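Raw contents of protein18.txt, compact mmCIF, C-alpha atoms and all ligand atoms:
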# COMPACT_ATOMS: atom_id res chain seq x y z
CA MET A 171 -10.14 -0.63 13.10
CA LEU A 172 -9.55 -1.91 9.56
CA GLN A 173 -9.78 1.67 8.34
CA LEU A 174 -6.29 2.19 9.70
CA ALA A 175 -4.76 -0.50 7.47
CA ASN A 176 -1.93 0.92 5.35
CA LYS A 177 -2.30 4.37 6.91
CA ARG A 178 0.94 6.22 7.57
CA ILE A 179 0.63 7.64 11.03
CA LEU A 180 3.10 10.10 12.43
CA LEU A 181 2.62 9.77 16.18
CA GLY A 182 3.93 12.75 18.12
CA ILE A 183 4.60 12.32 21.82
CA SER A 184 5.15 15.33 24.04
CA GLY A 185 6.36 15.45 27.62
CA GLY A 186 3.61 14.47 30.01
CA ILE A 187 3.09 11.57 32.38
CA ALA A 188 0.50 10.09 29.99
CA ALA A 189 3.39 9.37 27.59
CA TYR A 190 3.64 5.89 29.11
CA LYS A 191 0.28 5.12 27.49
CA SER A 192 1.70 6.02 24.06
CA ALA A 193 3.52 2.69 23.98
CA GLU A 194 0.18 0.87 24.10
CA LEU A 195 -1.20 3.23 21.46
CA VAL A 196 1.66 2.37 19.08
CA ARG A 197 0.94 -1.32 19.59
CA ILE A 198 -2.77 -0.91 18.84
CA LEU A 199 -2.18 1.20 15.73
CA THR A 200 0.46 -1.17 14.40
CA LYS A 201 -1.79 -4.16 15.02
CA ALA A 202 -4.53 -2.42 13.02
CA GLY A 203 -2.14 -2.47 10.03
CA ALA A 204 -0.96 1.14 10.23
CA ASN A 205 2.62 2.13 9.57
CA VAL A 206 3.62 4.19 12.60
CA ARG A 207 6.58 6.54 12.89
CA VAL A 208 7.10 8.06 16.30
CA VAL A 209 8.38 11.59 16.84
CA MET A 210 9.23 12.55 20.43
CA THR A 211 9.86 15.94 21.97
CA GLN A 212 12.84 16.31 24.28
CA GLY A 213 10.41 16.37 27.20
CA ALA A 214 8.76 13.09 26.14
CA LYS A 215 12.09 11.29 26.46
CA GLU A 216 12.05 12.06 30.20
CA PHE A 217 8.96 9.85 30.49
CA ILE A 218 9.50 7.01 28.02
CA THR A 219 12.49 5.78 26.03
CA PRO A 220 12.76 5.95 22.25
CA LEU A 221 13.93 2.33 22.31
CA THR A 222 10.56 1.10 23.62
CA LEU A 223 8.71 2.95 20.86
CA GLN A 224 11.14 1.84 18.21
CA ALA A 225 10.64 -1.78 19.19
CA LEU A 226 6.84 -1.45 19.17
CA SER A 227 6.54 0.54 15.95
CA GLY A 228 9.24 -1.36 14.07
CA ASN A 229 10.54 1.99 12.79
CA PRO A 230 13.33 4.29 13.98
CA VAL A 231 12.13 6.96 16.40
CA HIS A 232 12.73 10.58 15.42
CA HIS A 233 13.52 13.18 18.06
CA THR A 234 16.08 15.68 16.82
CA LEU A 235 15.78 18.38 14.22
CA LEU A 236 19.42 19.23 13.80
CA ASP A 237 20.94 15.78 13.68
CA GLU A 238 22.87 15.15 10.45
CA GLU A 239 22.52 11.41 10.71
CA ALA A 240 18.77 11.50 11.27
CA GLU A 241 18.31 13.97 8.44
CA ALA A 242 20.33 11.72 6.14
CA GLY A 243 17.84 8.89 6.87
CA MET A 244 14.42 10.45 6.58
CA GLY A 245 14.73 14.24 6.73
CA HIS A 246 12.06 16.34 8.40
CA ILE A 247 10.47 17.49 5.14
CA GLU A 248 10.33 13.93 3.85
CA LEU A 249 8.77 12.83 7.11
CA ALA A 250 6.22 15.65 6.92
CA ARG A 251 5.29 14.55 3.38
CA TRP A 252 5.24 10.87 4.31
CA ALA A 253 2.48 11.25 6.89
CA ASP A 254 -1.18 10.59 6.01
CA LEU A 255 -2.04 12.07 9.38
CA ILE A 256 -0.37 13.41 12.49
CA LEU A 257 -1.62 12.25 15.86
CA ILE A 258 -0.13 13.80 18.97
CA ALA A 259 -0.75 11.85 22.15
CA PRO A 260 -0.20 13.12 24.72
CA ALA A 261 -0.43 16.75 23.61
CA THR A 262 0.66 18.98 26.49
CA ALA A 263 -0.51 22.57 27.05
CA ASP A 264 2.98 23.76 26.14
CA LEU A 265 3.00 21.86 22.85
CA ILE A 266 -0.49 23.08 21.94
CA ALA A 267 0.64 26.67 22.60
CA LYS A 268 3.66 26.21 20.32
CA LEU A 269 1.51 24.73 17.55
CA ALA A 270 -0.99 27.58 17.79
CA ALA A 271 1.86 30.08 17.59
CA GLY A 272 3.31 28.33 14.53
CA MET A 273 6.62 27.64 16.21
CA GLY A 274 9.18 25.22 14.84
CA ASP A 275 11.49 24.99 17.82
CA GLU A 276 11.95 21.22 17.65
CA LEU A 277 11.28 18.35 15.31
CA LEU A 278 7.62 17.70 16.20
CA THR A 279 6.49 21.34 15.97
CA THR A 280 8.43 21.76 12.72
CA LEU A 281 6.77 18.68 11.23
CA VAL A 282 3.29 19.99 12.03
CA LEU A 283 4.22 23.27 10.34
CA ALA A 284 5.66 21.53 7.32
CA SER A 285 2.86 19.01 6.78
CA LYS A 286 -0.51 19.31 5.08
CA ALA A 287 -1.72 16.15 6.82
CA PRO A 288 -4.71 16.28 9.18
CA LEU A 289 -3.78 16.90 12.80
CA PHE A 290 -5.36 15.12 15.75
CA LEU A 291 -4.55 15.92 19.35
CA ALA A 292 -5.14 13.85 22.45
CA PRO A 293 -4.54 16.45 25.16
CA ALA A 294 -3.18 15.49 28.56
CA MET A 295 -2.57 18.04 31.29
CA ASN A 296 -3.58 19.20 34.73
CA GLN A 297 -7.27 20.24 34.85
CA GLN A 298 -6.38 23.86 35.67
CA MET A 299 -4.04 24.05 32.69
CA TRP A 300 -6.77 22.58 30.49
CA ALA A 301 -9.26 25.16 31.73
CA ALA A 302 -6.80 28.04 31.27
CA ALA A 303 -8.09 30.68 28.86
CA THR A 304 -4.84 30.60 26.89
CA THR A 305 -5.06 26.83 26.33
CA GLN A 306 -8.66 27.11 25.17
CA GLN A 307 -7.76 30.07 22.95
CA ASN A 308 -4.86 28.13 21.43
CA LEU A 309 -7.15 25.20 20.61
CA ARG A 310 -9.67 27.53 18.95
CA THR A 311 -6.83 29.03 16.89
CA LEU A 312 -5.76 25.58 15.69
CA ALA A 313 -9.35 24.58 14.91
CA ASP A 314 -9.89 27.78 12.92
CA LEU A 315 -6.66 27.41 11.01
CA LYS A 316 -6.95 23.74 10.11
CA GLY A 317 -10.73 23.40 9.78
CA ASP A 318 -11.80 19.83 8.96
CA ASP A 319 -8.19 18.73 9.13
CA PHE A 320 -8.15 19.12 12.89
CA ALA A 321 -9.81 17.27 15.77
CA LEU A 322 -9.43 16.85 19.49
CA PHE A 323 -9.68 13.39 21.00
CA GLY A 324 -10.61 13.99 24.63
CA PRO A 325 -9.48 14.84 27.17
CA ASP A 326 -11.17 12.56 29.66
CA SER A 327 -12.25 13.61 33.12
CA GLY A 328 -11.31 12.01 36.41
CA VAL A 329 -8.57 11.68 38.97
CA GLN A 330 -5.27 13.00 37.66
CA ALA A 331 -1.69 11.90 38.32
CA CYS A 332 -1.21 15.05 40.42
CA GLY A 333 -4.24 14.22 42.60
CA ASP A 334 -6.58 16.82 41.08
CA VAL A 335 -9.96 15.76 39.75
CA GLY A 336 -11.34 17.19 36.50
CA PRO A 337 -10.89 17.23 32.73
CA GLY A 338 -7.36 16.82 31.40
CA ARG A 339 -6.62 13.08 31.48
CA MET A 340 -5.54 11.57 28.21
CA LEU A 341 -8.10 9.21 26.66
CA GLU A 342 -7.28 5.51 26.83
CA PRO A 343 -5.24 4.32 23.81
CA THR A 344 -8.07 2.06 22.55
CA ASP A 345 -10.45 5.05 22.53
CA ILE A 346 -7.93 7.23 20.70
CA ALA A 347 -7.42 4.50 18.08
CA SER A 348 -11.18 4.03 17.52
CA LEU A 349 -11.77 7.79 17.21
CA LEU A 350 -8.97 7.93 14.68
CA ALA A 351 -10.41 4.98 12.73
CA GLN A 352 -13.83 6.67 12.62
CA ARG A 353 -12.30 9.57 10.72
CA PHE A 354 -11.68 7.29 7.74
CA GLN A 355 -14.13 5.55 5.48
CA PRO A 356 -13.18 1.93 4.95
CA GLY A 357 -11.72 1.41 1.47
CA LEU A 358 -13.44 -0.86 -1.06
CA LEU A 359 -10.83 -3.54 -0.43
CA THR A 360 -10.20 -2.94 3.27
CA GLY A 361 -9.41 -6.27 4.91
CA CYS A 362 -8.74 -8.00 1.56
CA LYS A 363 -5.55 -9.67 0.49
CA VAL A 364 -4.61 -9.10 -3.14
CA VAL A 365 -1.82 -10.79 -5.09
CA ILE A 366 -0.79 -9.33 -8.46
CA THR A 367 1.69 -10.66 -11.01
CA ALA A 368 3.23 -8.05 -13.28
CA GLY A 369 5.90 -7.43 -15.88
CA PRO A 370 7.63 -9.86 -18.22
CA THR A 371 9.46 -13.07 -17.42
CA ARG A 372 12.96 -13.87 -18.60
CA GLU A 373 13.76 -17.38 -19.73
CA ALA A 374 17.48 -18.07 -19.73
CA LEU A 375 19.19 -19.58 -22.78
CA ASP A 376 22.66 -19.49 -21.29
CA PRO A 377 24.37 -17.40 -18.57
CA VAL A 378 24.14 -14.20 -20.65
CA ARG A 379 21.04 -14.52 -22.87
CA TYR A 380 17.35 -14.86 -22.35
CA ILE A 381 13.98 -14.84 -24.12
CA SER A 382 11.57 -12.16 -22.94
CA ASN A 383 8.94 -9.67 -24.15
CA HIS A 384 8.14 -5.95 -24.14
CA SER A 385 5.93 -5.85 -21.05
CA SER A 386 6.71 -2.73 -18.99
CA GLY A 387 4.80 -3.79 -15.88
CA LYS A 388 2.96 -0.44 -15.86
CA MET A 389 -0.54 -1.94 -15.82
CA GLY A 390 0.21 -4.37 -12.98
CA TYR A 391 2.01 -1.70 -10.94
CA ALA A 392 -0.92 0.69 -11.42
CA LEU A 393 -3.29 -2.05 -10.25
CA ALA A 394 -1.12 -2.62 -7.18
CA GLN A 395 -1.26 1.10 -6.35
CA ALA A 396 -5.03 1.23 -6.86
CA ALA A 397 -5.54 -1.85 -4.66
CA VAL A 398 -3.41 -0.32 -1.88
CA ASP A 399 -5.39 2.93 -2.17
CA ALA A 400 -8.56 0.87 -1.77
CA GLY A 401 -7.20 -0.45 1.54
CA ALA A 402 -6.02 -3.90 0.44
CA GLN A 403 -2.96 -5.70 1.65
CA VAL A 404 -1.07 -6.18 -1.61
CA THR A 405 1.68 -8.54 -2.72
CA LEU A 406 3.19 -7.64 -6.08
CA ILE A 407 5.06 -10.45 -7.78
CA SER A 408 7.10 -8.76 -10.43
CA GLY A 409 9.28 -9.81 -13.30
CA PRO A 410 12.23 -7.54 -14.23
CA VAL A 411 10.93 -4.01 -14.93
CA ARG A 412 12.32 -0.49 -14.90
CA ILE A 413 9.68 1.21 -12.78
CA PRO A 414 9.70 1.71 -9.01
CA ALA A 415 7.37 -0.39 -6.88
CA PRO A 416 4.41 1.50 -5.45
CA ASP A 417 4.58 2.34 -1.78
CA ARG A 418 3.09 -0.02 0.77
CA VAL A 419 3.11 -3.19 -1.33
CA THR A 420 5.06 -6.30 -0.51
CA LEU A 421 7.27 -6.69 -3.54
CA VAL A 422 8.51 -10.12 -4.58
CA ASN A 423 11.04 -9.95 -7.41
CA THR A 424 11.14 -12.87 -9.81
CA ILE A 425 12.89 -13.63 -13.09
CA SER A 426 11.47 -16.70 -14.82
CA ALA A 427 7.95 -18.11 -15.13
CA GLN A 428 8.98 -20.92 -12.81
CA ASP A 429 10.06 -18.36 -10.16
CA MET A 430 6.82 -16.47 -10.61
CA LEU A 431 4.77 -19.63 -10.17
CA GLU A 432 6.61 -20.53 -6.97
CA ALA A 433 6.16 -17.00 -5.58
CA SER A 434 2.46 -17.09 -6.51
CA LEU A 435 1.88 -20.41 -4.78
CA ALA A 436 3.82 -19.25 -1.74
CA THR A 437 1.77 -16.06 -1.33
CA MET A 438 -1.72 -17.14 -2.42
CA GLY A 439 -2.81 -18.35 1.04
CA ASN A 440 -5.90 -16.41 2.25
CA CYS A 441 -5.84 -14.37 -0.94
CA ASP A 442 -9.20 -12.84 -1.95
CA LEU A 443 -8.21 -11.48 -5.31
CA PHE A 444 -5.50 -12.80 -7.63
CA ILE A 445 -4.72 -10.66 -10.66
CA ALA A 446 -2.42 -12.09 -13.33
CA SER A 447 -1.25 -9.13 -15.36
CA ALA A 448 2.23 -10.52 -16.03
CA ALA A 449 3.25 -11.28 -19.59
CA VAL A 450 4.53 -14.76 -18.85
CA ALA A 451 6.63 -16.44 -21.51
CA ASP A 452 4.65 -19.41 -22.77
CA TYR A 453 7.81 -21.37 -23.52
CA ARG A 454 11.34 -21.56 -22.13
CA PRO A 455 14.50 -23.08 -23.56
CA ALA A 456 14.40 -26.82 -22.89
CA ASN A 457 18.01 -26.72 -21.74
CA VAL A 458 19.88 -23.81 -20.23
CA ALA A 459 23.47 -23.99 -21.44
CA GLU A 460 25.93 -23.82 -18.57
CA GLN A 461 28.42 -21.83 -20.66
CA LYS A 462 27.77 -19.06 -23.14
CA ILE A 463 26.59 -20.60 -26.44
CA LYS A 464 29.32 -20.05 -29.04
CA LYS A 465 28.76 -18.67 -32.51
CA ALA A 466 28.91 -21.57 -34.99
CA GLY A 467 27.03 -22.32 -38.24
CA ASP A 468 24.49 -20.13 -40.10
CA GLU A 469 21.58 -21.61 -38.23
CA ILE A 470 20.95 -22.69 -34.71
CA GLN A 471 18.07 -24.76 -33.40
CA LEU A 472 16.43 -23.90 -30.12
CA THR A 473 14.14 -26.36 -28.45
CA LEU A 474 11.52 -24.78 -26.25
CA THR A 475 9.39 -26.41 -23.63
CA LYS A 476 6.06 -25.21 -22.28
CA ASN A 477 6.03 -23.12 -19.11
CA PRO A 478 3.50 -23.80 -16.37
CA ASP A 479 0.39 -21.64 -16.65
CA ILE A 480 0.52 -19.61 -13.44
CA VAL A 481 -2.98 -18.17 -13.41
CA ALA A 482 -4.56 -21.49 -14.43
CA THR A 483 -2.66 -23.25 -11.64
CA ILE A 484 -3.95 -20.73 -9.10
CA ALA A 485 -7.50 -20.80 -10.49
CA ASN A 486 -7.63 -24.59 -10.25
CA HIS A 487 -5.97 -24.78 -6.84
CA GLN A 488 -7.76 -26.25 -3.82
CA GLN A 489 -7.32 -22.92 -2.01
CA ARG A 490 -8.47 -20.92 -5.00
CA PRO A 491 -8.90 -17.21 -4.22
CA ALA A 492 -12.52 -15.99 -4.42
CA THR A 493 -11.76 -13.98 -7.55
CA VAL A 494 -9.11 -14.79 -10.14
CA VAL A 495 -8.55 -12.31 -12.95
CA GLY A 496 -6.39 -12.79 -16.04
CA PHE A 497 -5.22 -10.51 -18.82
CA ALA A 498 -5.20 -11.26 -22.53
CA ALA A 499 -3.05 -9.27 -24.92
CA GLU A 500 -4.25 -10.18 -28.39
CA THR A 501 -3.55 -9.03 -31.94
CA THR A 502 -6.55 -10.72 -33.65
CA ASP A 503 -10.01 -11.92 -32.62
CA VAL A 504 -9.66 -10.29 -29.18
CA ASP A 505 -13.19 -11.28 -28.21
CA GLY A 506 -12.89 -14.94 -29.18
CA TYR A 507 -9.49 -15.54 -27.59
CA ALA A 508 -10.42 -13.67 -24.41
CA ARG A 509 -13.60 -15.70 -23.90
CA GLY A 510 -11.67 -18.88 -24.68
CA LYS A 511 -9.04 -18.11 -22.02
CA LEU A 512 -11.67 -17.14 -19.48
CA ALA A 513 -13.10 -20.66 -19.76
CA SER A 514 -9.95 -22.71 -20.32
CA LYS A 515 -8.04 -21.12 -17.42
CA ASN A 516 -11.07 -21.24 -15.10
CA LEU A 517 -10.98 -17.46 -14.52
CA ASP A 518 -13.72 -15.26 -13.10
CA MET A 519 -12.79 -12.31 -15.27
CA ILE A 520 -10.35 -11.49 -18.03
CA VAL A 521 -9.13 -8.08 -19.14
CA ALA A 522 -8.49 -8.11 -22.87
CA ASN A 523 -6.60 -5.57 -24.91
CA ASP A 524 -5.76 -5.31 -28.57
CA VAL A 525 -1.98 -4.97 -28.72
CA SER A 526 -2.04 -4.55 -32.50
CA ARG A 527 -3.15 -0.95 -31.90
CA SER A 528 -0.06 1.25 -31.90
CA ASP A 529 -1.51 3.92 -29.57
CA ILE A 530 -1.98 1.70 -26.51
CA GLY A 531 -0.62 -1.41 -24.89
CA PHE A 532 2.72 -2.72 -23.76
CA ASN A 533 4.90 0.31 -23.22
CA SER A 534 2.25 2.99 -23.35
CA ASP A 535 0.92 4.97 -20.38
CA ASP A 536 -2.60 4.48 -21.73
CA ASN A 537 -4.75 1.47 -22.34
CA ALA A 538 -8.20 0.58 -23.63
CA VAL A 539 -9.63 -2.78 -22.59
CA THR A 540 -12.69 -4.98 -22.46
CA LEU A 541 -13.46 -6.86 -19.28
CA TYR A 542 -15.13 -10.25 -19.82
CA SER A 543 -16.83 -12.34 -17.19
CA ARG A 544 -19.26 -15.27 -17.40
CA GLU A 545 -22.10 -12.78 -17.23
CA GLY A 546 -21.04 -10.45 -20.02
CA HIS A 547 -18.53 -7.82 -20.92
CA GLN A 548 -17.76 -4.16 -20.29
CA ASP A 549 -15.69 -1.77 -22.42
CA PHE A 550 -13.22 0.67 -20.91
CA GLU A 551 -12.34 3.36 -23.45
CA ARG A 552 -8.77 4.62 -23.84
CA MET A 553 -7.52 6.24 -20.63
CA SER A 554 -4.38 6.37 -18.48
CA LYS A 555 -3.34 3.06 -16.94
CA THR A 556 -3.62 4.74 -13.53
CA LEU A 557 -7.28 5.66 -14.02
CA LEU A 558 -8.04 2.35 -15.69
CA ALA A 559 -6.48 0.50 -12.75
CA THR A 560 -8.74 2.39 -10.32
CA LYS A 561 -11.84 1.52 -12.36
CA LEU A 562 -10.86 -2.13 -12.71
CA ILE A 563 -10.13 -2.44 -8.99
CA GLN A 564 -13.59 -0.95 -8.26
CA THR A 565 -15.17 -3.58 -10.50
CA PHE A 566 -13.23 -6.45 -8.88
CA ALA A 567 -14.11 -5.12 -5.41
CA GLU A 568 -17.80 -5.03 -6.38
CA ARG A 569 -17.62 -8.68 -7.39
CA LEU A 570 -15.99 -9.60 -4.08
CA ARG A 571 -18.70 -7.71 -2.19
CA ASN A 572 -21.47 -9.48 -4.13
CA LEU A 573 -19.86 -12.85 -3.41
CA ARG A 574 -19.74 -12.03 0.29
CA GLU A 575 -23.36 -10.90 0.37
CA HIS A 576 -24.78 -13.93 -1.47
O1 LIG A 601 -0.24 -15.87 -22.43
P1 LIG A 601 -1.75 -15.86 -22.31
O2 LIG A 601 -2.42 -15.03 -23.33
O3 LIG A 601 -2.33 -17.22 -22.16
O4 LIG A 601 -2.02 -15.08 -20.94
C1 LIG A 601 -3.30 -14.90 -20.44
C2 LIG A 601 -3.26 -14.79 -18.95
O5 LIG A 601 -2.61 -15.92 -18.40
C3 LIG A 601 -2.53 -13.59 -18.38
O6 LIG A 601 -3.28 -13.19 -17.25
C4 LIG A 601 -1.18 -14.13 -17.96
O7 LIG A 601 -0.67 -13.43 -16.84
C5 LIG A 601 -1.53 -15.55 -17.57
N1 LIG A 601 -0.45 -16.52 -17.80
C6 LIG A 601 0.11 -17.16 -16.73
N2 LIG A 601 1.08 -18.11 -16.94
C7 LIG A 601 1.48 -18.42 -18.18
C8 LIG A 601 0.91 -17.77 -19.29
C9 LIG A 601 -0.03 -16.82 -19.06
O8 LIG A 601 -0.25 -16.88 -15.59
N3 LIG A 601 2.42 -19.34 -18.35

As structure tokens, the full file:
Amino acid sequence: MLQLANKRILLGISGGIAAYKSAELVRILTKAGANVRVVMTQGAKEFITPLTLQALSGNPVHHTLLDEEAEAGMGHIELARWADLILIAPATADLIAKLAAGMGDELLTTLVLASKAPLFLAPAMNQQMWAAATTQQNLRTLADLKGDDFALFGPDSGVQACGDVGPGRMLEPTDIASLLAQRFQPGLLTGCKVVITAGPTREALDPVRYISNHSSGKMGYALAQAAVDAGAQVTLISGPVRIPAPDRVTLVNTISAQDMLEASLATMGNCDLFIASAAVADYRPANVAEQKIKKAGDEIQLTLTKNPDIVATIANHQQRPATVVGFAAETTDVDGYARGKLASKNLDMIVANDVSRSDIGFNSDDNAVTLYSREGHQDFERMSKTLLATKLIQTFAERLRNLREH
């Protein structure tokens, strides 16, 4: 069921007696790591309360189209865009008919119309209604219209709530969840925990001043996005940056190197891959003045003291993650310094870039790097940080897979 990790599932519930099973379905999907948002039809609320589903999904339940307050939270178009997939369980004959006709009479039908996400239905209805030519025709219409982006899960056959025997029972929630999981290939990092440091650190001099650097955080944030896309559970420990955090990561905001070290130690438990892309200040002011330092003579002396080396601390820790990757931004002898840091910090890999080049690096959207490991090195020509992040994550994932297999 790991395939469902990080998936954004919009679970539609329509008004049938099988709706009581939807509560269990929400629990299973959430446990598998999916982010579930429940949308109920008016009929569904006659069978199960929104409160139950809200408690189980951990998200507000959506059920009205024309509610100002609900639209101010996550409007229906936003919700339609948010979804990676729409699963409707139970899907009644009435709801299926409305979907086939392209109606948008309430929130759930409108969302299906407004979303490009794949649609999966777990039908539940009386066996005669299931067998009805109109129901079957409606299902064919939906299948034709949505192609590969449509599938039916069930229905099951057996004794029905009304006493009839035949096809029309909703599949059990565990079966629905496994059928859904089968639709997705596991990502390269599915089941892995990844911790990434990113951005600069700020080292306070006094209450208003600090020492910092030009790191934008773009490379680390792109790596976080690529790791999430590969199915990992990602914690992003970030210094102060001006870019938004990618979706679906756990963001830990930090300021100084000391903060970043504490956050790294606190989150490294069970981590498979630790990536240190932060530009950590090597030194911090030995004393932080309690009051703003006043202008005085022509010169001022600052005494700096060495910061802890975060990645080296993690790489030499008793609970060392299986793979620890560092970054090296160099202006001269990139090769020599990168190899030196690989060894001295006890890293498995180091990504080196030449920041003396004006076309790439700190604030740029592009980068060109060389990845060093004990076994050798690999060049990555200039490309966008987004694409580079995807390629680097693939390489790290390959190393993790090899470690697991040997
Ligand atoms: O600053 P330096 O070139 O040594 O950085 C190399 C690597 O070490 C980078 O991955 C950086 O994130 C990490 N580092 C760290 N803590 C420090 C200094 C650097 O984790 N105090």

Practice task
List all protein, DNA and RNA residues that have any atom at most 10 Å from ligand LIG 601 (chain A), counting all atoms listed in the file, and write the list as a PyMOL selection string.
Solution key: chain A and resi 366-371+390+427-428+430-431+434+444-454+476-485+494-500+507-508+510-512+514-515+517+519-522

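Each of A:Leu249, A:Leu541, A:Val411, A:Leu350 was compared to Arg509 of chain A using only C-alpha atoms, and A:Leu541 turns out to be the nearest.
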
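Between Ser285 of chain A and the candidates A:Leu472, A:Ala202, A:Leu180, A:Gly317, the tightest atom-to-atom separation, counting all atoms listed in the file, involves A:Leu180.
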
Practice task
Kindly indicate which residue among A:Arg251, A:Lys177, A:Arg490, A:Arg574 lies nearest to Ala284 of chain A, using only C-alpha atoms for the distances.
Solution key: A:Arg251

Practice task
Take atom CA of Leu406 of chain A and atom CA of Phe354 of chain A and report the distance between them in Å, one decimal.
Solution key: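 Answer for the atom CA of Leu406 of chain A to atom CA of Phe354 of chain A separation: 25.2 Å.
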
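The space separating atom CA of Val365 of chain A from atom CA of Thr437 of chain A comes to 7.4 Å.
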
Working from the structure I just supplied, which lacks atoms in segment 240-246 of chain A, can you model all heavy atoms there and output them as a PDB file, in the frame of the given file?
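Once everything was written out, this is selection-v9.pdb:
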ATOM      1  N   ALA A 240      20.215  11.707  11.386  1.00  0.00           N
ATOM      2  CA  ALA A 240      18.770  11.500  11.270  1.00  0.00           C
ATOM      3  C   ALA A 240      18.252  12.121   9.978  1.00  0.00           C
ATOM      4  O   ALA A 240      17.439  11.540   9.272  1.00  0.00           O
ATOM      5  CB  ALA A 240      18.056  12.103  12.475  1.00  0.00           C
ATOM      6  N   GLU A 241      18.767  13.290   9.657  1.00  0.00           N
ATOM      7  CA  GLU A 241      18.310  13.970   8.440  1.00  0.00           C
ATOM      8  C   GLU A 241      18.749  13.212   7.191  1.00  0.00           C
ATOM      9  O   GLU A 241      18.088  13.267   6.157  1.00  0.00           O
ATOM     10  CB  GLU A 241      18.852  15.408   8.396  1.00  0.00           C
ATOM     11  CG  GLU A 241      18.130  16.350   9.354  1.00  0.00           C
ATOM     12  CD  GLU A 241      16.690  16.661   8.938  1.00  0.00           C
ATOM     13  OE1 GLU A 241      16.496  17.219   7.865  1.00  0.00           O
ATOM     14  OE2 GLU A 241      15.772  16.332   9.703  1.00  0.00           O
ATOM     15  N   ALA A 242      19.869  12.500   7.292  1.00  0.00           N
ATOM     16  CA  ALA A 242      20.330  11.720   6.140  1.00  0.00           C
ATOM     17  C   ALA A 242      19.423  10.521   5.922  1.00  0.00           C
ATOM     18  O   ALA A 242      19.293  10.021   4.813  1.00  0.00           O
ATOM     19  CB  ALA A 242      21.768  11.269   6.371  1.00  0.00           C
ATOM     20  N   GLY A 243      18.774  10.002   7.007  1.00  0.00           N
ATOM     21  CA  GLY A 243      17.840   8.890   6.870  1.00  0.00           C
ATOM     22  C   GLY A 243      16.552   9.373   6.255  1.00  0.00           C
ATOM     23  O   GLY A 243      16.376   9.384   5.046  1.00  0.00           O
ATOM     24  N   MET A 244      15.638   9.856   7.095  1.00  0.00           N
ATOM     25  CA  MET A 244      14.420  10.450   6.580  1.00  0.00           C
ATOM     26  C   MET A 244      14.376  11.864   7.131  1.00  0.00           C
ATOM     27  O   MET A 244      14.101  12.069   8.309  1.00  0.00           O
ATOM     28  CB  MET A 244      13.197   9.628   7.006  1.00  0.00           C
ATOM     29  CG  MET A 244      11.974   9.962   6.165  1.00  0.00           C
ATOM     30  SD  MET A 244      10.486   9.148   6.738  1.00  0.00           S
ATOM     31  CE  MET A 244       9.913   8.341   5.264  1.00  0.00           C
ATOM     32  N   GLY A 245      14.669  12.842   6.294  1.00  0.00           N
ATOM     33  CA  GLY A 245      14.730  14.240   6.730  1.00  0.00           C
ATOM     34  C   GLY A 245      13.366  14.744   7.160  1.00  0.00           C
ATOM     35  O   GLY A 245      12.353  14.107   6.871  1.00  0.00           O
ATOM     36  N   HIS A 246      13.331  15.904   7.827  1.00  0.00           N
ATOM     37  CA  HIS A 246      12.060  16.340   8.400  1.00  0.00           C
ATOM     38  C   HIS A 246      11.008  16.675   7.337  1.00  0.00           C
ATOM     39  O   HIS A 246       9.829  16.427   7.546  1.00  0.00           O
ATOM     40  CB  HIS A 246      12.254  17.475   9.417  1.00  0.00           C
ATOM     41  CG  HIS A 246      12.740  18.763   8.838  1.00  0.00           C
ATOM     42  ND1 HIS A 246      14.057  18.988   8.545  1.00  0.00           N
ATOM     43  CD2 HIS A 246      12.087  19.890   8.508  1.00  0.00           C
ATOM     44  CE1 HIS A 246      14.188  20.206   8.051  1.00  0.00           C
ATOM     45  NE2 HIS A 246      13.005  20.775   8.025  1.00  0.00           N
TER      46      HIS A 246
END
